[in-house]
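A quick write-up on the structure given underneath.
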Amino acid sequence: MTDAELVARVIAGQRQAFAELVARHHAACLRYAAHALGDSMEAEDVVQETLLRAYRSLGRYEERQQFRSWLFRILVNRCRTAAARNGARRRRDDNAYAGDGRAAGDTADRIDLRSRLARALAGLDAPHREAFLLKLGEGLEYDEIARMTGASVPALKMRVKRARDHVRARWEDTGDERTR
Amino acid sequence: MRWSAWAFAAGVALAMLAPLSARADESAEARLRARLGPELAPQVIEIVRDAAAQSLPTAPLVARALEGASRQAGADAIVAAVRRQASGLAAARRVLGPAARDAELEAGAGALLAGVPEDSLASLKRARPTGSLVIPLVVLSDFVARGVPAVNASNTVLSATRAGAPDPALLRMRERINERIQRGEKPAGASHAGLRELLATTSPGRDRGATRKGAR
Amino acid sequence: MTSGPDDRWDDRVRDAYRRPLAGEAEARQRVLARLRHEPGAPTRGRGWWLDPDALRAPPLLAAAAVIVALAIGAWSGARWAGARHDRGAAIVAAARPFRATPASTAVAGPTTVTFAFRAPGASRVFLVGDFNGWDPDATPLRRAATGEVWTVDLPLPRGLHAYAFIVDGADWSVDPSAPLAPEATFGRRNALLVVGEGGAL
């Protein structure tokens, strides 16, 4: 069953069809949000908020769109809002993923984001992360990203390039695979 | 987002009280450092400071962290719980407005975090625009805790409040519904029956009859 | 357009990005639980989402139940509830009579609340809550003459307070008849006490 068919069922009253949509898209949303925000707990909140908004506004989803694209548009916006909200308060030095003290032993019930990619993303601001993750992570085309984010294609290409350089430089620095 | 405008306005309004709250904050932070240790305390303190900056009550956040420490919860669980509480308080502030008292925000946060829709809280606020909402929210939360679906619980408390039921009546209703649930009635049906009883008492002229059984 | 090593690096980034996140499944469960409470399309019946956290009063309690009167509004005097639960959990509460005040008047000073707890066979009982920083050693209850009931009087400030009891150092309990917190923080539900927040009367 396609995503569009599931949406139709939800609207027709079969709420459990939405659980199937969640099963299909939750992981992708979470990995984007976690890397975009650099914070696994905030990411969970944002993804939850995104799926709630999606559920409530399902009537606005048009079948000709890819459901994931439609969902990601909501997600990217929620992440931007969250990043803007936190930007002023959070320390600029985004070393939250050096793993210092945050995950004390038992992380069985938390999302584990201690990866070299997360570390290498530290220090990148939200627009650059967004472009980088959508392009290199999600593999979207530039015009798709432009539609999603409202930025121009040339601007996006520049951001991706700068972000790649930033991440690449740190990638080699962090050395071997993520520590556990 | 709108709430940030509220937070800003509230923050400006409270700027004059900063010296007082600063002193209270210091002792709270000292407690957190003493009980949580050097790795966990700064994370919790950051959340508490954020909340203070938004003019949200910080005592419930501190209490949550200390509870977690006493229950020997893991650091991640403590941070998650405090953060969750903070987001609940922010949401409650957004719905209940800048004049809401701390206890209302705490009770509202609990309800929202447990799945009561924001619309329900907004409706409750409209049903009792000037009186305290603490008891209605506590009663609502209690129903949710006992398995009454959030929508039914909201409707029950909302209907009772709209009917003008005072706080003691709401509390009596809570007890009676609880007794029904403990006797084995389904929570949704129990709440429905309890509401009918209250409405029958609140407006004695309206005889709703006893013919209709509670749902399931 | 990119050269070989760049392509490979891009691939590694993509692989790292797409690696499954530990904890994702649990996060997904939490989303579904949250969605369960969402009104909207009519449900076909209760509980079709995942495992609801419905509270049923546990039939067996290692220690007996507790109740604390809500010192609000015109609520006054002691209440006695009949024994409901298996372990003879007669519920005892006595709040000093609290004078009703209009919502606009601040409560003058803290209110003394009596906490009482029946715990036959217990050696020690402590009260923990928001008001004492959840310190398990701060507020011991005293055994009353009958030997089964433990009590303590505590002046409490106005507001909403979560609390629980610890019996013999290990068993954290609340009275299932008391107003309960809607969420189980740290896996356990606390009870709620309201002091001085009575509204429209």
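Starting from 1 in every chain, residues are counted up; chains themselves are A, B, ... following the order of the structure tokens, and ligands are numbered from 1 as listed.
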Skip Phe131 in chain C itself and residues of its chain fewer than 6 positions away, then list as a ChimeraX atom specification all residues within 9 Å of it, counting only C-alpha atoms.
/B:63 /C:156-157,161-163
Would you mind exporting the chosen residues as a compact mmCIF listing (two decimals), in the first residue's frame, restricted to N, CA and C atoms?
```
# COMPACT_ATOMS: atom_id res chain seq x y z
N ALA B 63 12.65 20.18 41.39
CA ALA B 63 12.07 19.04 42.12
C ALA B 63 12.15 17.77 41.30
N LEU C 156 3.43 23.55 54.69
CA LEU C 156 3.72 23.56 53.26
C LEU C 156 3.30 24.88 52.64
N PRO C 157 4.09 25.35 51.72
CA PRO C 157 3.71 26.59 51.04
C PRO C 157 2.59 26.33 50.05
N HIS C 161 2.07 20.11 44.98
CA HIS C 161 3.20 19.32 45.46
C HIS C 161 3.02 17.85 45.09
N ALA C 162 4.02 17.29 44.48
CA ALA C 162 4.02 15.84 44.26
C ALA C 162 4.71 15.17 45.44
N TYR C 163 4.28 13.97 45.78
CA TYR C 163 4.88 13.31 46.94
C TYR C 163 4.67 11.81 46.87
```
Find the residues near Gly115 in chain B: any atom within 8 Å, counting only C-alpha atoms, skip ones fewer than 2 places away on the same chain, and give them as a PDB file with C-alpha atoms, in the first residue's frame.
```
ATOM      1  CA  ALA B 111      -2.081  17.395  31.762  1.00  0.00           C
ATOM      2  CA  LEU B 112      -0.542  18.409  28.451  1.00  0.00           C
ATOM      3  CA  LEU B 113       2.356  16.015  28.804  1.00  0.00           C
ATOM      4  CA  PRO B 117      -4.924  18.462  23.902  1.00  0.00           C
ATOM      5  CA  ALA B 150      -7.866  12.254  27.455  1.00  0.00           C
TER       6      ALA B 150
ATOM      7  CA  ARG C  34       1.241  10.486  22.222  1.00  0.00           C
ATOM      8  CA  HIS C  37      -4.564  10.794  22.801  1.00  0.00           C
ATOM      9  CA  GLU C  38      -5.106  12.833  19.719  1.00  0.00           C
TER      10      GLU C  38
END
```
Considering only C-alpha atoms, return as an MDAnalysis selection string whatever protein or nucleic-acid residues lie within 12 Å of Leu192 in chain C, sequence-local ones (same chain, fewer than 5 positions apart) excluded.
(chainID B and resid 103 106:107 110 134:135 137:139 141:142 145) or (chainID C and resid 66:71 128:131 159:164 174:183)
Residues near Ile74 in chain A, cut-off 8 Å, only C-alpha atoms, skip fewer than 6 positions along chain, as a PyMOL selection string
chain A and resi 50+53-54
Counting only C-alpha atoms, collect the residues of chain B whose closest atom lies at most 12 Å from chain A, and write them out as a ChimeraX atom specification.
/B:1-5,7-8,36-44,46-47,49-51,53-54,73-84,86-88,113,115,117
At most 7 Å to chain A: residues in chain C, only C-alpha atoms, as an MDAnalysis selection string:
chainID C and resid 10 14 16:17 21:24 26:28 31:32 35 41:42
Please identify all polymer residues within 12 Å of Leu140 in chain A, counting only C-alpha atoms, omitting same-chain residues fewer than 3 positions from it, and present them as an mmCIF file with N, CA and C atoms, in the first residue's frame.
```cif
data_model
loop_
_atom_site.group_PDB
_atom_site.id
_atom_site.type_symbol
_atom_site.label_atom_id
_atom_site.label_comp_id
_atom_site.auth_asym_id
_atom_site.auth_seq_id
_atom_site.Cartn_x
_atom_site.Cartn_y
_atom_site.Cartn_z
ATOM 1 N N ARG A 68 6.770 11.560 1.904
ATOM 2 C CA ARG A 68 7.946 11.888 2.693
ATOM 3 C C ARG A 68 8.400 13.325 2.452
ATOM 4 N N SER A 69 8.295 13.777 1.224
ATOM 5 C CA SER A 69 8.675 15.162 0.948
ATOM 6 C C SER A 69 7.773 16.123 1.706
ATOM 7 N N PHE A 72 8.689 15.944 5.263
ATOM 8 C CA PHE A 72 9.979 16.568 5.526
ATOM 9 C C PHE A 72 9.898 18.087 5.480
ATOM 10 N N GLU A 130 21.327 22.074 7.342
ATOM 11 C CA GLU A 130 20.106 21.703 6.627
ATOM 12 C C GLU A 130 20.437 21.324 5.188
ATOM 13 N N ALA A 131 21.179 22.202 4.508
ATOM 14 C CA ALA A 131 21.525 21.926 3.120
ATOM 15 C C ALA A 131 22.363 20.660 3.005
ATOM 16 N N PHE A 132 23.339 20.533 3.883
ATOM 17 C CA PHE A 132 24.241 19.382 3.837
ATOM 18 C C PHE A 132 23.483 18.084 4.054
ATOM 19 N N LEU A 133 22.636 18.057 5.064
ATOM 20 C CA LEU A 133 21.935 16.821 5.401
ATOM 21 C C LEU A 133 20.918 16.453 4.330
ATOM 22 N N LEU A 134 20.245 17.459 3.789
ATOM 23 C CA LEU A 134 19.248 17.139 2.767
ATOM 24 C C LEU A 134 19.925 16.661 1.482
ATOM 25 N N LYS A 135 21.086 17.244 1.190
ATOM 26 C CA LYS A 135 21.765 16.861 -0.051
ATOM 27 C C LYS A 135 22.548 15.566 0.105
ATOM 28 N N LEU A 136 23.473 15.559 1.028
ATOM 29 C CA LEU A 136 24.343 14.390 1.139
ATOM 30 C C LEU A 136 23.724 13.278 1.970
ATOM 31 N N GLY A 137 22.901 13.642 2.926
ATOM 32 C CA GLY A 137 22.308 12.625 3.783
ATOM 33 C C GLY A 137 21.080 11.996 3.135
ATOM 34 N N ASP A 143 16.636 21.107 -6.707
ATOM 35 C CA ASP A 143 15.382 21.863 -6.851
ATOM 36 C C ASP A 143 14.347 21.407 -5.822
ATOM 37 N N GLU A 144 14.428 20.140 -5.428
ATOM 38 C CA GLU A 144 13.546 19.659 -4.359
ATOM 39 C C GLU A 144 13.861 20.376 -3.041
ATOM 40 N N ILE A 145 15.159 20.468 -2.764
ATOM 41 C CA ILE A 145 15.569 21.151 -1.528
ATOM 42 C C ILE A 145 15.155 22.620 -1.573
ATOM 43 N N ALA A 146 15.291 23.209 -2.756
ATOM 44 C CA ALA A 146 14.919 24.620 -2.890
ATOM 45 C C ALA A 146 13.431 24.800 -2.598
ATOM 46 N N ARG A 147 12.618 23.906 -3.110
ATOM 47 C CA ARG A 147 11.176 23.993 -2.843
ATOM 48 C C ARG A 147 10.903 23.835 -1.356
ATOM 49 N N MET A 148 11.658 22.961 -0.753
ATOM 50 C CA MET A 148 11.413 22.635 0.659
ATOM 51 C C MET A 148 11.848 23.767 1.580
ATOM 52 N N LEU A 156 22.028 27.251 -2.172
ATOM 53 C CA LEU A 156 22.122 25.915 -1.584
ATOM 54 C C LEU A 156 23.423 25.237 -1.970
ATOM 55 N N ARG C 14 27.059 9.450 3.772
ATOM 56 C CA ARG C 14 25.686 8.972 3.659
ATOM 57 C C ARG C 14 25.479 7.733 4.533
#
```
Which one is closest to Ala191 in chain C: C:Val149, C:Ala25, C:Leu127, C:Ala122? Count only C-alpha atoms.
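Comparing C:Val149, C:Ala25, C:Leu127, C:Ala122 against Ala191 in chain C, the winner is C:Leu127.
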Quick one, how far is CA of Leu75 in chain A from CA of Leu121 in chain B?
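According to the coordinates, CA of Leu75 in chain A and CA of Leu121 in chain B are separated by 25.7 Å.
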Interatomic distance, CA of Arg129 in chain A to CA of Gly38 in chain A (Å, one decimal):
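CA of Gly38 in chain A lies at a distance of 9.8 Å from CA of Arg129 in chain A.
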DSSP-assigned helix (DSSP H, G or I) among range 20-136 of chain B, expressed as number ranges by chain:
B: 20-53, 59-70, 75-96, 102-113, 118-127, 134-136
